[in-house]
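A.B. asks: Here you go, this is data32.cif (mmCIF, C-alpha atoms).
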```cif
data_input
loop_
_atom_site.group_PDB
_atom_site.id
_atom_site.type_symbol
_atom_site.label_atom_id
_atom_site.label_comp_id
_atom_site.auth_asym_id
_atom_site.auth_seq_id
_atom_site.Cartn_x
_atom_site.Cartn_y
_atom_site.Cartn_z
ATOM 1 C CA MET A 812 -0.519 -25.787 40.737
ATOM 2 C CA LYS A 813 1.679 -27.403 38.069
ATOM 3 C CA TRP A 814 1.207 -24.370 35.784
ATOM 4 C CA ARG A 815 2.471 -22.007 38.504
ATOM 5 C CA ARG A 816 5.672 -23.991 38.964
ATOM 6 C CA LEU A 817 6.353 -23.996 35.218
ATOM 7 C CA TRP A 818 5.939 -20.215 35.127
ATOM 8 C CA LEU A 819 8.620 -19.851 37.798
ATOM 9 C CA LEU A 820 11.259 -21.763 35.803
ATOM 10 C CA PRO A 821 11.867 -19.042 33.168
ATOM 11 C CA LEU A 822 11.929 -16.384 35.883
ATOM 12 C CA MET A 823 14.501 -18.350 37.895
ATOM 13 C CA TYR A 824 16.595 -18.847 34.741
ATOM 14 C CA LEU A 825 16.577 -15.104 34.002
ATOM 15 C CA LEU A 826 17.606 -14.310 37.558
ATOM 16 C CA MET A 827 20.475 -16.829 37.392
ATOM 17 C CA VAL A 828 21.685 -15.484 34.022
ATOM 18 C CA GLY A 829 21.600 -11.940 35.408
ATOM 19 C CA GLU A 830 23.645 -13.030 38.395
ATOM 20 C CA VAL A 831 26.284 -14.708 36.215
ATOM 21 C CA GLN A 832 26.579 -11.673 33.947
ATOM 22 C CA ALA A 833 26.863 -9.398 36.973
ATOM 23 C CA GLN A 834 30.223 -11.010 37.754
ATOM 24 C CA GLU A 835 31.819 -9.494 34.664
ATOM 25 C CA PHE A 836 33.704 -6.244 35.120
ATOM 26 C CA LYS A 837 34.343 -4.044 32.069
ATOM 27 C CA THR A 838 36.084 -0.843 31.049
ATOM 28 C CA THR A 839 36.369 1.226 27.896
ATOM 29 C CA GLU A 840 38.550 3.965 29.376
ATOM 30 C CA GLY A 841 41.539 2.203 30.823
ATOM 31 C CA GLU A 842 45.035 3.516 30.300
ATOM 32 C CA VAL A 843 47.958 1.844 28.598
ATOM 33 C CA ARG A 844 51.465 3.322 28.621
ATOM 34 C CA PHE A 845 54.698 2.164 27.114
ATOM 35 C CA LEU A 846 58.219 3.308 27.859
ATOM 36 C CA SER A 847 60.990 3.012 25.314
ATOM 37 C CA GLN A 848 64.462 3.443 26.798
ATOM 38 C CA ALA A 849 67.305 3.415 24.305
ATOM 39 C CA SER A 850 70.868 4.626 24.876
ATOM 40 C CA LEU A 851 70.306 8.127 23.426
ATOM 41 C CA ASN A 852 66.540 8.440 23.482
ATOM 42 C CA GLU A 853 63.704 7.810 25.914
ATOM 43 C CA PHE A 854 60.033 8.464 25.381
ATOM 44 C CA THR A 855 56.622 7.276 26.481
ATOM 45 C CA GLY A 856 53.439 6.647 24.614
ATOM 46 C CA LYS A 857 49.952 6.335 26.012
ATOM 47 C CA SER A 858 46.310 5.787 25.230
ATOM 48 C CA ASP A 859 43.260 6.164 27.431
ATOM 49 C CA GLN A 860 41.231 3.900 25.148
ATOM 50 C CA LEU A 861 42.076 0.528 26.722
ATOM 51 C CA HIS A 862 39.055 -1.790 26.639
ATOM 52 C CA GLY A 863 38.870 -4.713 28.993
ATOM 53 C CA LEU A 864 36.906 -7.488 30.589
ATOM 54 C CA LEU A 865 37.533 -9.356 33.826
ATOM 55 C CA ASP A 866 35.397 -12.363 34.747
ATOM 56 C CA PRO A 867 36.500 -13.575 38.209
ATOM 57 C CA GLU A 868 34.226 -16.648 38.099
ATOM 58 C CA LYS A 869 35.936 -17.961 34.959
ATOM 59 C CA ASN A 870 39.317 -16.367 35.804
ATOM 60 C CA LEU A 871 39.114 -14.805 32.339
ATOM 61 C CA ILE A 872 40.839 -11.570 31.412
ATOM 62 C CA ASP A 873 40.793 -9.833 28.035
ATOM 63 C CA PHE A 874 42.164 -6.388 27.149
ATOM 64 C CA TYR A 875 42.693 -4.633 23.843
ATOM 65 C CA VAL A 876 43.683 -1.201 22.573
ATOM 66 C CA ASP A 877 43.378 0.433 19.177
ATOM 67 C CA LEU A 878 47.017 1.234 18.377
ATOM 68 C CA ASN A 879 45.897 4.293 16.404
ATOM 69 C CA THR A 880 45.039 5.932 19.744
ATOM 70 C CA LEU A 881 48.658 5.769 21.033
ATOM 71 C CA LYS A 882 50.246 9.204 21.407
ATOM 72 C CA THR A 883 53.894 9.992 22.208
ATOM 73 C CA GLY A 884 53.669 13.777 22.237
ATOM 74 C CA ILE A 885 55.217 14.244 18.787
ATOM 75 C CA GLY A 886 52.800 13.956 15.860
ATOM 76 C CA LEU A 887 55.425 13.007 13.273
ATOM 77 C CA ARG A 888 56.801 10.249 15.510
ATOM 78 C CA ASP A 889 53.231 8.991 16.078
ATOM 79 C CA ARG A 890 52.575 8.785 12.334
ATOM 80 C CA HIS A 891 55.874 6.995 11.665
ATOM 81 C CA MET A 892 55.196 4.590 14.558
ATOM 82 C CA ARG A 893 51.726 3.764 13.205
ATOM 83 C CA ASP A 894 52.563 3.684 9.482
ATOM 84 C CA ASN A 895 56.095 2.272 9.324
ATOM 85 C CA TYR A 896 56.455 0.028 12.364
ATOM 86 C CA LEU A 897 53.123 -0.997 13.886
ATOM 87 C CA GLU A 898 51.426 -0.939 10.473
ATOM 88 C CA THR A 899 48.099 -0.081 12.092
ATOM 89 C CA GLU A 900 46.237 0.009 8.801
ATOM 90 C CA LYS A 901 46.847 -3.732 8.572
ATOM 91 C CA TYR A 902 47.080 -4.570 12.321
ATOM 92 C CA PRO A 903 45.052 -1.970 14.258
ATOM 93 C CA PHE A 904 44.837 -3.698 17.658
ATOM 94 C CA ALA A 905 46.987 -5.132 20.423
ATOM 95 C CA GLU A 906 45.223 -7.660 22.663
ATOM 96 C CA PHE A 907 45.894 -9.875 25.656
ATOM 97 C CA THR A 908 43.571 -12.787 26.435
ATOM 98 C CA GLY A 909 44.280 -15.114 29.286
ATOM 99 C CA LYS A 910 43.420 -16.731 32.570
ATOM 100 C CA MET A 911 44.235 -15.426 36.025
ATOM 101 C CA GLN A 912 45.911 -17.853 38.369
ATOM 102 C CA GLY A 913 44.116 -18.348 41.677
ATOM 103 C CA ALA A 914 40.914 -16.923 43.119
ATOM 104 C CA VAL A 915 40.080 -13.236 43.430
ATOM 105 C CA SER A 916 39.160 -11.784 46.804
ATOM 106 C CA PHE A 917 36.594 -8.990 46.864
ATOM 107 C CA GLU A 918 37.588 -7.421 50.165
ATOM 108 C CA VAL A 919 37.317 -3.673 49.541
ATOM 109 C CA ASN A 920 40.604 -1.717 49.375
ATOM 110 C CA GLN A 921 42.696 -4.872 49.821
ATOM 111 C CA THR A 922 45.214 -5.047 46.983
ATOM 112 C CA GLN A 923 46.143 -8.544 45.878
ATOM 113 C CA LYS A 924 48.885 -9.689 43.572
ATOM 114 C CA VAL A 925 47.702 -11.635 40.551
ATOM 115 C CA LYS A 926 49.294 -13.388 37.601
ATOM 116 C CA ALA A 927 47.643 -13.858 34.237
ATOM 117 C CA MET A 928 48.852 -16.331 31.640
ATOM 118 C CA GLY A 929 47.695 -16.023 28.082
ATOM 119 C CA VAL A 930 48.290 -14.829 24.546
ATOM 120 C CA PHE A 931 49.407 -11.340 23.541
ATOM 121 C CA LYS A 932 48.671 -10.341 19.942
ATOM 122 C CA ILE A 933 50.204 -7.432 18.066
ATOM 123 C CA HIS A 934 51.368 -6.851 14.497
ATOM 124 C CA GLY A 935 49.698 -10.059 13.313
ATOM 125 C CA LYS A 936 51.742 -12.254 15.680
ATOM 126 C CA GLU A 937 50.795 -14.105 18.857
ATOM 127 C CA ARG A 938 53.034 -15.013 21.776
ATOM 128 C CA TYR A 939 52.425 -16.649 25.139
ATOM 129 C CA LEU A 940 52.924 -14.147 27.948
ATOM 130 C CA GLU A 941 52.825 -14.134 31.741
ATOM 131 C CA VAL A 942 51.687 -10.828 33.209
ATOM 132 C CA ASP A 943 52.093 -9.777 36.841
ATOM 133 C CA GLY A 944 49.612 -7.327 38.227
ATOM 134 C CA SER A 945 47.356 -6.352 41.075
ATOM 135 C CA LEU A 946 43.635 -6.102 41.716
ATOM 136 C CA THR A 947 42.068 -3.757 44.242
ATOM 137 C CA PRO A 948 38.305 -3.945 44.817
ATOM 138 C CA LEU A 949 37.141 -0.341 45.262
ATOM 139 C CA GLY A 950 33.603 -1.327 46.183
ATOM 140 C CA PRO A 951 31.148 -4.095 45.354
ATOM 141 C CA ASN A 952 30.869 -2.996 41.708
ATOM 142 C CA GLU A 953 34.344 -1.692 40.857
ATOM 143 C CA ILE A 954 37.871 -3.120 40.644
ATOM 144 C CA LEU A 955 41.164 -1.356 39.922
ATOM 145 C CA LEU A 956 43.508 -3.464 37.799
ATOM 146 C CA GLU A 957 47.176 -2.593 37.293
ATOM 147 C CA ALA A 958 49.755 -4.642 35.412
ATOM 148 C CA ASN A 959 53.280 -4.386 33.995
ATOM 149 C CA PHE A 960 54.911 -6.455 31.302
ATOM 150 C CA GLU A 961 57.550 -6.290 28.578
ATOM 151 C CA VAL A 962 57.102 -6.579 24.838
ATOM 152 C CA LYS A 963 60.121 -7.513 22.728
ATOM 153 C CA LEU A 964 59.530 -5.982 19.313
ATOM 154 C CA GLY A 965 61.505 -8.672 17.486
ATOM 155 C CA ASP A 966 59.171 -11.365 18.838
ATOM 156 C CA PHE A 967 56.374 -9.723 16.848
ATOM 157 C CA ASP A 968 58.358 -8.847 13.698
ATOM 158 C CA ILE A 969 58.188 -5.126 14.483
ATOM 159 C CA ALA A 970 61.184 -3.400 12.929
ATOM 160 C CA ILE A 971 63.354 -1.122 15.039
ATOM 161 C CA PRO A 972 64.102 2.265 13.460
ATOM 162 C CA GLN A 973 67.775 2.780 12.660
ATOM 163 C CA VAL A 974 67.637 6.592 12.526
ATOM 164 C CA MET A 975 69.087 8.128 15.708
ATOM 165 C CA PHE A 976 66.199 10.633 15.919
ATOM 166 C CA TYR A 977 63.823 7.669 16.314
ATOM 167 C CA GLU A 978 66.094 5.350 18.257
ATOM 168 C CA LEU A 979 63.926 2.746 19.922
ATOM 169 C CA SER A 980 64.571 0.074 22.498
ATOM 170 C CA GLU A 981 64.099 -3.565 21.464
ATOM 171 C CA THR A 982 62.086 -4.085 24.667
ATOM 172 C CA GLN A 983 59.136 -1.872 25.523
ATOM 173 C CA GLN A 984 57.951 -1.583 29.126
ATOM 174 C CA VAL A 985 54.131 -1.662 29.132
ATOM 175 C CA LYS A 986 51.836 -0.630 31.997
ATOM 176 C CA ILE A 987 48.086 -0.797 32.130
ATOM 177 C CA LYS A 988 45.707 0.712 34.648
ATOM 178 C CA ALA A 989 41.945 0.384 34.481
ATOM 179 C CA LYS A 990 38.908 0.766 36.692
ATOM 180 C CA LEU A 991 36.497 -1.975 35.737
ATOM 181 C CA LYS A 992 32.813 -1.822 36.659
ATOM 182 C CA LYS A 993 30.050 -4.435 36.792
#
```
Any chance you could give the structure as C-alpha coordinates?
C.D. replies:
Amino acid sequence: MKWRRLWLLPLMYLLMVGEVQAQEFKTTEGEVRFLSQASLNEFTGKSDQLHGLLDPEKNLIDFYVDLNTLKTGIGLRDRHMRDNYLETEKYPFAEFTGKMQGAVSFEVNQTQKVKAMGVFKIHGKERYLEVDGSLTPLGPNEILLEANFEVKLGDFDIAIPQVMFYELSETQQVKIKAKLKK
(Lines of atoms letter the chains of each structure in order from A and count residues from 1; the text may use other names and numbers.)
(Lines give C-alpha, C1' and ligand atoms only; values in the text may rest on other atoms or scores of the structure.)
Protein backbone atom coordinates (compact mmCIF):
# COMPACT_ATOMS: atom_id res chain seq x y z
CA MET A 1 0.00 0.00 0.00
CA LYS A 2 2.84 2.39 0.88
CA TRP A 3 4.51 1.72 -2.50
CA ARG A 4 1.33 2.72 -4.37
CA ARG A 5 1.13 6.06 -2.59
CA LEU A 6 4.78 6.83 -3.37
CA TRP A 7 4.15 6.10 -7.06
CA LEU A 8 1.35 8.68 -7.09
CA LEU A 9 3.57 11.52 -5.82
CA PRO A 10 5.60 11.96 -9.05
CA LEU A 11 2.42 11.73 -11.12
CA MET A 12 0.72 14.40 -9.00
CA TYR A 13 3.82 16.61 -9.30
CA LEU A 14 3.82 16.30 -13.10
CA LEU A 15 0.14 17.16 -13.26
CA MET A 16 0.67 20.24 -11.05
CA VAL A 17 3.67 21.41 -13.12
CA GLY A 18 1.62 21.00 -16.31
CA GLU A 19 -1.18 23.05 -14.81
CA VAL A 20 1.18 25.88 -13.81
CA GLN A 21 2.80 25.97 -17.24
CA ALA A 22 -0.62 25.99 -18.89
CA GLN A 23 -1.21 29.45 -17.43
CA GLU A 24 1.46 30.99 -19.64
CA PHE A 25 0.30 32.58 -22.87
CA LYS A 26 2.84 33.11 -25.68
CA THR A 27 3.14 34.59 -29.14
CA THR A 28 5.82 34.78 -31.81
CA GLU A 29 3.75 36.69 -34.36
CA GLY A 30 2.55 39.78 -32.59
CA GLU A 31 2.66 43.16 -34.25
CA VAL A 32 4.54 46.26 -33.18
CA ARG A 33 4.08 49.62 -34.89
CA PHE A 34 5.65 52.98 -34.31
CA LEU A 35 4.55 56.37 -35.55
CA SER A 36 6.99 59.22 -35.98
CA GLN A 37 5.31 62.61 -36.38
CA ALA A 38 7.64 65.50 -37.07
CA SER A 39 6.70 68.94 -38.42
CA LEU A 40 7.47 68.12 -42.08
CA ASN A 41 7.50 64.34 -42.08
CA GLU A 42 5.36 61.50 -40.76
CA PHE A 43 5.91 57.80 -41.22
CA THR A 44 5.20 54.48 -39.58
CA GLY A 45 7.28 51.41 -39.08
CA LYS A 46 6.11 47.93 -38.23
CA SER A 47 7.14 44.37 -37.56
CA ASP A 48 5.03 41.24 -37.26
CA GLN A 49 7.79 39.47 -35.34
CA LEU A 50 6.87 40.56 -31.80
CA HIS A 51 7.53 37.74 -29.32
CA GLY A 52 5.80 37.75 -25.98
CA LEU A 53 4.85 35.99 -22.80
CA LEU A 54 2.02 36.69 -20.39
CA ASP A 55 1.79 34.79 -17.10
CA PRO A 56 -1.42 35.91 -15.32
CA GLU A 57 -0.62 33.90 -12.16
CA LYS A 58 2.64 35.80 -11.63
CA ASN A 59 1.37 39.01 -13.28
CA LEU A 60 4.47 38.76 -15.48
CA ILE A 61 4.68 40.23 -18.96
CA ASP A 62 7.65 40.12 -21.32
CA PHE A 63 7.79 41.22 -24.96
CA TYR A 64 10.67 41.68 -27.37
CA VAL A 65 11.21 42.41 -31.05
CA ASP A 66 14.23 42.05 -33.30
CA LEU A 67 14.71 45.63 -34.52
CA ASN A 68 16.09 44.30 -37.81
CA THR A 69 12.54 43.22 -38.69
CA LEU A 70 11.16 46.81 -38.56
CA LYS A 71 10.06 48.09 -41.96
CA THR A 72 8.97 51.64 -42.86
CA GLY A 73 8.22 51.10 -46.54
CA ILE A 74 11.44 52.68 -47.79
CA GLY A 75 14.47 50.37 -47.90
CA LEU A 76 17.08 53.13 -47.69
CA ARG A 77 15.36 54.68 -44.66
CA ASP A 78 15.20 51.22 -43.04
CA ARG A 79 18.94 50.67 -43.53
CA HIS A 80 19.80 54.13 -42.17
CA MET A 81 17.46 53.58 -39.19
CA ARG A 82 19.09 50.23 -38.38
CA ASP A 83 22.72 51.16 -39.10
CA ASN A 84 23.01 54.81 -38.03
CA TYR A 85 20.45 55.28 -35.26
CA LEU A 86 19.29 52.01 -33.70
CA GLU A 87 22.70 50.40 -34.30
CA THR A 88 21.08 46.97 -34.56
CA GLU A 89 24.36 45.19 -35.15
CA LYS A 90 25.29 46.12 -31.59
CA TYR A 91 21.77 46.33 -30.05
CA PRO A 92 19.45 44.04 -32.05
CA PHE A 93 16.46 43.89 -29.67
CA ALA A 94 13.94 46.08 -27.89
CA GLU A 95 12.31 44.48 -24.84
CA PHE A 96 9.78 45.26 -22.14
CA THR A 97 9.68 43.18 -18.96
CA GLY A 98 7.31 44.01 -16.18
CA LYS A 99 4.44 43.21 -13.89
CA MET A 100 0.77 43.82 -14.54
CA GLN A 101 -1.13 45.64 -11.84
CA GLY A 102 -4.20 43.81 -10.56
CA ALA A 103 -5.76 40.46 -11.42
CA VAL A 104 -6.75 39.31 -14.90
CA SER A 105 -10.30 38.19 -15.58
CA PHE A 106 -10.79 35.40 -18.10
CA GLU A 107 -14.37 36.17 -19.06
CA VAL A 108 -14.48 35.60 -22.83
CA ASN A 109 -14.83 38.71 -25.03
CA GLN A 110 -14.74 41.05 -22.02
CA THR A 111 -12.03 43.65 -22.60
CA GLN A 112 -10.31 44.90 -19.48
CA LYS A 113 -7.94 47.78 -19.03
CA VAL A 114 -4.55 46.84 -17.63
CA LYS A 115 -1.38 48.65 -16.62
CA ALA A 116 2.07 47.13 -16.69
CA MET A 117 5.05 48.61 -14.88
CA GLY A 118 8.53 47.52 -15.80
CA VAL A 119 11.73 48.10 -17.71
CA PHE A 120 12.00 48.94 -21.40
CA LYS A 121 15.36 48.21 -23.03
CA ILE A 122 16.57 49.54 -26.36
CA HIS A 123 19.91 50.74 -27.72
CA GLY A 124 21.76 49.38 -24.69
CA LYS A 125 19.78 51.54 -22.24
CA GLU A 126 17.07 50.67 -19.73
CA ARG A 127 14.29 52.91 -18.44
CA TYR A 128 11.34 52.35 -16.13
CA LEU A 129 8.08 52.57 -18.06
CA GLU A 130 4.36 52.38 -17.32
CA VAL A 131 2.33 50.93 -20.17
CA ASP A 132 -1.45 51.15 -20.52
CA GLY A 133 -3.19 48.44 -22.44
CA SER A 134 -6.07 46.04 -22.66
CA LEU A 135 -6.60 42.29 -22.49
CA THR A 136 -9.47 40.47 -24.16
CA PRO A 137 -9.84 36.73 -23.57
CA LEU A 138 -10.93 35.25 -26.91
CA GLY A 139 -11.49 31.79 -25.49
CA PRO A 140 -10.04 29.60 -22.76
CA ASN A 141 -6.67 29.32 -24.53
CA GLU A 142 -6.23 32.69 -26.24
CA ILE A 143 -5.89 36.33 -25.16
CA LEU A 144 -5.66 39.48 -27.29
CA LEU A 145 -3.27 42.04 -25.83
CA GLU A 146 -3.09 45.64 -27.06
CA ALA A 147 -0.96 48.42 -25.63
CA ASN A 148 0.24 51.95 -26.44
CA PHE A 149 3.21 53.82 -25.07
CA GLU A 150 5.74 56.50 -25.98
CA VAL A 151 9.48 56.17 -26.40
CA LYS A 152 11.61 59.31 -26.14
CA LEU A 153 14.68 58.68 -28.26
CA GLY A 154 16.91 60.92 -26.15
CA ASP A 155 16.21 58.79 -23.07
CA PHE A 156 17.95 55.91 -24.84
CA ASP A 157 20.79 57.89 -26.48
CA ILE A 158 19.30 57.39 -29.94
CA ALA A 159 20.37 60.27 -32.17
CA ILE A 160 17.77 62.18 -34.15
CA PRO A 161 18.63 62.68 -37.83
CA GLN A 162 19.16 66.32 -38.78
CA VAL A 163 18.56 65.86 -42.52
CA MET A 164 15.08 67.09 -43.51
CA PHE A 165 14.50 64.00 -45.69
CA TYR A 166 14.79 61.87 -42.53
CA GLU A 167 13.24 64.28 -40.06
CA LEU A 168 12.21 62.30 -37.01
CA SER A 169 10.18 63.11 -33.94
CA GLU A 170 11.92 62.97 -30.55
CA THR A 171 8.96 60.93 -29.26
CA GLN A 172 7.81 57.78 -31.02
CA GLN A 173 4.27 56.49 -30.50
CA VAL A 174 4.44 52.69 -30.13
CA LYS A 175 1.53 50.24 -30.39
CA ILE A 176 1.58 46.52 -29.91
CA LYS A 177 -1.08 43.96 -30.70
CA ALA A 178 -0.70 40.24 -30.12
CA LYS A 179 -2.82 37.13 -29.82
CA LEU A 180 -1.25 34.98 -27.14
CA LYS A 181 -2.03 31.28 -26.82
CA LYS A 182 -1.54 28.74 -24.03
A.B. asks: Please evaluate the PyMOL selection byres ((chain A and resi 907) around 8) against the structure above and give the resulting residues as a ChimeraX atom specification.
C.D. replies: /A:872-875,905-906,908-909,929-932
A.B. asks: Kindly indicate which residue among A:Thr839, A:Ser945, A:Gln912, A:Thr855 lies nearest to Val876 in chain A, using all atoms listed in the file for the distances.
C.D. replies: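 Residue with the minimum atom-to-atom distance to Val876 in chain A: A:Thr839.
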A.B. asks: Within 8 Å of Pro951 in chain A, counting all atoms listed in the file, which residues qualify if same-chain residues fewer than 2 places away don't, as a PyMOL selection string?
C.D. replies: chain A and resi 917+919+948-949+953
A.B. asks: Assuming the chain letters and numbering stay as they are in my file, what does the PyMOL selection byres ((chain A and resi 946) around 9) actually select? List them as a PyMOL selection string.
C.D. replies: chain A and resi 915-916+921-925+944-945+947-948+954-958
A.B. asks: Find, counting all atoms listed in the file, the residue in A:Gly950, A:Val942, A:Lys986, A:Lys857 that gets nearest to Asn920 in chain A.
C.D. replies: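 Among A:Gly950, A:Val942, A:Lys986, A:Lys857, it is A:Gly950 that comes nearest to Asn920 in chain A.
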A.B. asks: Report as JSON the centre and the edge lengths, in Å to one decimal, of the axis-aligned box holding every listed atom of range 835-850 of chain A, padded by 8 Å on each side.
C.D. replies:
```
{"center_x": 51.3, "center_y": -2.4, "center_z": 29.7, "size_x": 55.0, "size_y": 30.1, "size_z": 26.8}
```
A.B. asks: Quick one: of A:Leu865, A:Ala989, A:Leu897, A:Ala927, who's nearest to Leu964 in chain A, counting all atoms listed in the file?
C.D. replies: A:Leu897
A.B. asks: So how many Å separate CA of Gly913 in chain A and CA of Val962 in chain A, to one decimal?
C.D. replies: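 Straight-line distance from CA of Gly913 in chain A to CA of Val962 in chain A works out to 24.3 Å.
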A.B. asks: Under the rule that all atoms listed in the file are counted, which of A:Glu840, A:Lys990, A:Lys926, A:Phe854 is the nearest residue to Ile885 in chain A?
C.D. replies: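 The closest residue to Ile885 in chain A is A:Phe854.
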A.B. asks: When the PyMOL selection byres ((chain A and resi 982) around 12) is applied to the file above, which residues end up in the set, as a list in words?
C.D. replies: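 Applying the expression gives Phe845, Leu846, Ser847, Gln848, Ala849, Phe960, Glu961, Val962, Lys963, Leu964, Gly965, Asp966, Phe967, Ile969, Ala970, Ile971, Leu979, Ser980, Glu981, Gln983, Gln984 and Val985 of chain A.
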